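Quick look at target_11.txt (compact mmCIF, C-alpha atoms):
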# COMPACT_ATOMS: atom_id res chain seq x y z
CA MET A 182 0.00 0.00 0.00
CA HIS A 183 1.02 3.59 -0.56
CA GLN A 184 2.88 4.92 2.46
CA GLY A 185 3.01 8.64 1.55
CA ASN A 186 2.09 11.46 3.89
CA HIS A 187 -1.57 12.28 3.34
CA ARG A 188 -1.24 15.44 5.43
CA ASP A 189 0.85 17.18 2.76
CA HIS A 190 -1.94 17.59 0.21
CA GLU A 191 -3.81 20.87 -0.23
CA GLY A 192 -6.79 21.05 2.12
CA ALA A 193 -5.63 18.04 4.15
CA LYS A 194 -4.69 20.07 7.24
CA LYS A 195 -8.22 21.44 7.53
CA LEU A 196 -9.77 18.01 6.87
CA PHE A 197 -7.72 16.36 9.65
CA GLU A 198 -8.41 19.30 11.97
CA LEU A 199 -12.17 18.83 11.46
CA ILE A 200 -12.11 15.10 12.33
CA LYS A 201 -9.63 15.06 15.22
CA ASP A 202 -12.25 15.74 17.91
CA VAL A 203 -15.05 13.62 16.42
CA LYS A 204 -15.21 10.51 18.58
CA ILE A 205 -17.25 8.22 16.29
CA ALA A 206 -16.82 7.61 12.57
CA MET A 207 -19.19 5.54 10.47
CA MET A 208 -17.09 3.00 8.54
CA THR A 209 -18.60 1.61 5.34
CA THR A 210 -17.30 -1.60 3.77
CA VAL A 211 -18.44 -3.68 0.78
CA ASP A 212 -20.03 -7.09 1.44
CA SER A 213 -19.46 -10.09 -0.85
CA ASP A 214 -22.76 -9.43 -2.64
CA GLY A 215 -21.85 -5.78 -3.28
CA THR A 216 -24.07 -4.27 -0.60
CA LEU A 217 -22.62 -1.57 1.62
CA ASN A 218 -22.38 -2.07 5.38
CA SER A 219 -21.83 0.80 7.81
CA ARG A 220 -21.07 0.67 11.49
CA PRO A 221 -19.88 3.13 14.16
CA MET A 222 -16.18 2.96 15.02
CA TRP A 223 -14.29 4.73 17.82
CA ASN A 224 -12.03 7.32 16.21
CA ASN A 225 -8.35 7.50 17.20
CA ASP A 226 -6.16 10.41 16.15
CA ALA A 227 -4.60 10.20 12.71
CA ASP A 228 -0.92 9.30 12.82
CA GLU A 229 1.90 11.54 11.55
CA ASN A 230 1.33 10.28 7.97
CA GLY A 231 -2.42 10.88 8.11
CA ASP A 232 -3.36 7.20 8.34
CA LEU A 233 -6.48 6.56 10.42
CA TRP A 234 -6.59 3.72 12.98
CA PHE A 235 -9.46 1.73 14.48
CA PHE A 236 -9.51 -1.21 16.90
CA THR A 237 -11.51 -4.25 15.81
CA LYS A 238 -12.00 -7.93 16.51
CA LEU A 239 -9.87 -10.02 14.19
CA HIS A 240 -12.77 -12.30 13.28
CA SER A 241 -15.65 -9.99 12.42
CA PRO A 242 -17.79 -9.24 9.36
CA LYS A 243 -15.90 -5.98 8.69
CA THR A 244 -12.48 -7.67 8.67
CA ALA A 245 -13.81 -10.34 6.29
CA GLU A 246 -15.22 -7.60 4.04
CA ILE A 247 -11.93 -5.65 4.11
CA SER A 248 -10.05 -8.84 3.22
CA ARG A 249 -12.22 -9.24 0.10
CA ASP A 250 -12.46 -5.55 -0.88
CA ASN A 251 -10.28 -3.08 0.98
CA GLN A 252 -11.97 0.07 -0.38
CA ILE A 253 -13.79 1.76 2.51
CA ASN A 254 -15.43 5.05 3.38
CA LEU A 255 -15.45 6.91 6.69
CA ALA A 256 -18.10 9.51 7.55
CA TYR A 257 -17.54 11.99 10.38
CA SER A 258 -20.27 14.23 11.73
CA ASP A 259 -20.10 17.01 14.30
CA PRO A 260 -23.61 18.54 14.30
CA SER A 261 -22.78 20.88 17.20
CA SER A 262 -20.31 22.75 14.98
CA GLN A 263 -21.99 21.88 11.66
CA ASN A 264 -18.83 20.15 10.34
CA TYR A 265 -19.02 17.02 8.19
CA VAL A 266 -16.22 15.00 6.59
CA SER A 267 -16.13 12.00 4.25
CA VAL A 268 -12.89 10.06 3.68
CA ALA A 269 -12.42 7.29 1.10
CA GLY A 270 -9.39 5.05 1.21
CA LYS A 271 -7.90 1.59 1.39
CA ALA A 272 -7.95 -0.41 4.61
CA GLU A 273 -5.71 -3.16 5.93
CA ILE A 274 -5.82 -5.36 9.01
CA VAL A 275 -2.79 -4.89 11.28
CA ARG A 276 -1.76 -7.43 13.93
CA ASP A 277 1.54 -5.83 15.03
CA GLN A 278 1.52 -6.12 18.84
CA SER A 279 3.86 -3.11 19.28
CA ILE A 280 1.37 -0.88 17.43
CA ILE A 281 -1.55 -2.36 19.37
CA ASP A 282 0.37 -1.64 22.62
CA ALA A 283 1.10 1.95 21.55
CA LYS A 284 -2.51 2.74 20.57
CA TRP A 285 -4.24 0.83 23.39
CA ASN A 286 -6.12 2.63 26.14
CA GLU A 287 -7.98 1.05 29.04
CA SER A 288 -11.42 2.20 27.86
CA LEU A 289 -11.08 -0.41 25.07
CA LYS A 290 -11.63 -3.11 27.72
CA THR A 291 -15.34 -2.51 27.17
CA TRP A 292 -14.99 -4.32 23.83
CA PHE A 293 -11.91 -6.39 24.69
CA PRO A 294 -12.30 -7.52 28.32
CA ASN A 295 -9.19 -9.73 28.05
CA GLY A 296 -7.03 -6.69 27.31
CA LYS A 297 -4.60 -5.78 24.57
CA ASN A 298 -2.99 -9.23 24.46
CA ASP A 299 -6.27 -10.90 23.48
CA PRO A 300 -5.60 -12.76 20.20
CA GLU A 301 -8.83 -11.24 18.81
CA VAL A 302 -7.49 -7.66 19.09
CA ALA A 303 -6.53 -6.19 15.73
CA LEU A 304 -6.29 -2.79 14.13
CA ILE A 305 -7.69 -1.42 10.91
CA ARG A 306 -5.35 1.08 9.27
CA VAL A 307 -7.00 3.30 6.67
CA HIS A 308 -4.82 4.97 4.05
CA PRO A 309 -6.91 7.96 2.93
CA GLU A 310 -7.07 8.61 -0.81
CA LYS A 311 -9.81 11.23 -1.12
CA GLY A 312 -11.70 13.37 1.30
CA GLU A 313 -14.41 15.96 1.27
CA TYR A 314 -15.52 18.33 3.98
CA TRP A 315 -18.40 20.65 4.61
CA ASP A 316 -17.56 23.37 7.12
CA SER A 317 -20.45 25.57 8.21
CA PRO A 318 -20.26 28.59 10.50
CA ASN A 319 -21.46 27.69 13.99
CA SER A 320 -22.81 30.92 15.42
CA THR A 321 -26.51 31.01 16.33
CA MET A 322 -26.67 34.58 15.02
CA LEU A 323 -25.20 33.47 11.71
CA HIS A 324 -27.78 30.67 11.46
CA LEU A 325 -30.54 33.16 12.26
CA TYR A 326 -29.11 35.52 9.64
CA GLY A 327 -28.98 32.62 7.16
CA TYR A 328 -32.62 31.76 7.85
CA VAL A 329 -33.75 35.36 7.38
CA LYS A 330 -31.64 35.74 4.21
CA ALA A 331 -33.05 32.50 2.78
CA SER A 332 -36.60 33.63 3.58
CA LEU A 333 -36.14 37.04 1.97
CA THR A 334 -33.91 36.23 -1.00
CA GLY A 335 -34.34 32.52 -1.62
CA GLU A 336 -30.56 32.06 -1.22
CA SER A 337 -29.20 29.54 1.23
CA PRO A 338 -26.27 30.38 3.51
CA LYS A 339 -22.83 29.50 2.20
CA THR A 340 -21.05 26.37 3.41
CA GLU A 341 -17.37 25.82 2.66
CA THR A 342 -17.08 22.57 0.71
CA LYS A 343 -13.78 21.19 -0.49
CA LYS A 344 -12.72 17.95 -2.13
CA VAL A 345 -9.22 16.87 -1.12
CA ASP A 346 -7.02 14.43 -3.06
CA LEU A 347 -5.09 12.53 -0.40
CA GLY A 348 -3.54 9.84 -2.62

In structure tokens, what does this structure look like?
Amino acid sequence: MHQGNHRDHEGAKKLFELIKDVKIAMMTTVDSDGTLNSRPMWNNDADENGDLWFFTKLHSPKTAEISRDNQINLAYSDPSSQNYVSVAGKAEIVRDQSIIDAKWNESLKTWFPNGKNDPEVALIRVHPEKGEYWDSPNSTMLHLYGYVKASLTGESPKTETKKVDLG
């Protein structure tokens, strides 16, 4: 897989800034019959290269789907600040115990009661290829202004939207 630094691309800094505080991402994988499956995943910080990491059980439907088709999508939503991000990329299952040890935190015992040495603990590393974000102003006054403007002029308030090539 490509090991380049995804943070170097234009717009990437803002994209990673928007997702760093979002705790849950919806991960979408492709099933063997072509249907799409989405599930919530606990979001860890992106690493220095911009790869995104998620803990998983080694034997699960999502790991089987990634093994067959490693193209995935991640959707991040922060309604309180009106920020939304979509990231498409390639996923791989990682079983390196030193990486598991480095990324482990005790709250993961909820899903892995036997701890980080459980043979079912694995990581999903996502190498982002493309991203898109929608960044809306958060102020209540601005939303009120937007509503009034839309009512009077028929124009909706402006949202910053940017597609980012991360490959």

| Surrounding residues of Asn264 in chain A excluding itself and chain neighbours under 2 positions, 9 Å, all atoms listed in the file, as a list in words | Leu199, Ile200, Tyr257, Ser258, Asp259, Pro260, Ser261, Ser262, Val266, Tyr314, Trp315, Asp316, Ser317, Pro318 and Asn319 of chain A

| task | Kindly give the distance, in Å, that separates CA of Asp282 in chain A and CA of Asn218 in chain A, rounded to a single decimal. | result |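 About the pair CA of Asp282 in chain A and CA of Asn218 in chain A: they are 28.5 Å apart.
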
| task | Would you list the contacts of Gly215 in chain A as a ChimeraX atom specification, taking every protein, DNA or RNA residue within 12 Å and counting only C-alpha atoms, but skipping same-chain residues closer than 2 positions in sequence? | result | /A:209-213,217-218,246,249-250,252

Output the selection as an mmCIF file, in the frame of the given file - C-alpha atoms for each residue.
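part-v6.cif was written with the following content:
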data_model
loop_
_atom_site.group_PDB
_atom_site.id
_atom_site.type_symbol
_atom_site.label_atom_id
_atom_site.label_comp_id
_atom_site.auth_asym_id
_atom_site.auth_seq_id
_atom_site.Cartn_x
_atom_site.Cartn_y
_atom_site.Cartn_z
ATOM 1 C CA THR A 209 -18.600 1.610 5.340
ATOM 2 C CA THR A 210 -17.300 -1.600 3.770
ATOM 3 C CA VAL A 211 -18.440 -3.680 0.780
ATOM 4 C CA ASP A 212 -20.030 -7.090 1.440
ATOM 5 C CA SER A 213 -19.460 -10.090 -0.850
ATOM 6 C CA LEU A 217 -22.620 -1.570 1.620
ATOM 7 C CA ASN A 218 -22.380 -2.070 5.380
ATOM 8 C CA GLU A 246 -15.220 -7.600 4.040
ATOM 9 C CA ARG A 249 -12.220 -9.240 0.100
ATOM 10 C CA ASP A 250 -12.460 -5.550 -0.880
ATOM 11 C CA GLN A 252 -11.970 0.070 -0.380
#

| query | In Å, how far is it from CA of Trp234 in chain A to CA of Lys344 in chain A? | reply |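 That distance, rounded to one decimal, is 21.6 Å.
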
| request: Between A:Asn286, A:Ser248, A:Asn295, A:Thr216, single out the one closest to Ala272 in chain A, counting only C-alpha atoms. | output: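 Smallest separation from Ala272 in chain A among the options: A:Ser248.
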
| query | Pick from A:Thr244, A:Asn251, A:Gln263, A:Thr237: nearest to Asn224 in chain A, with all atoms listed in the file counted? | reply |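 Smallest distance to Asn224 in chain A is found for A:Thr237.
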
| Smallest atom-to-atom distance to Leu289 in chain A: which of A:Met208, A:Ala303, A:Ala193, A:Val203, using all atoms listed in the file? | A:Ala303

| request: Could you check how far CA of Asn225 in chain A sits from CA of Ala245 in chain A, in Å to one decimal? | output: 21.6 Å

| remark: Nearest to Ile205 in chain A, restricted to only C-alpha atoms and choosing among A:Ser267, A:Ala256, A:Ser288, A:Asp228, comes out as A:Ala256
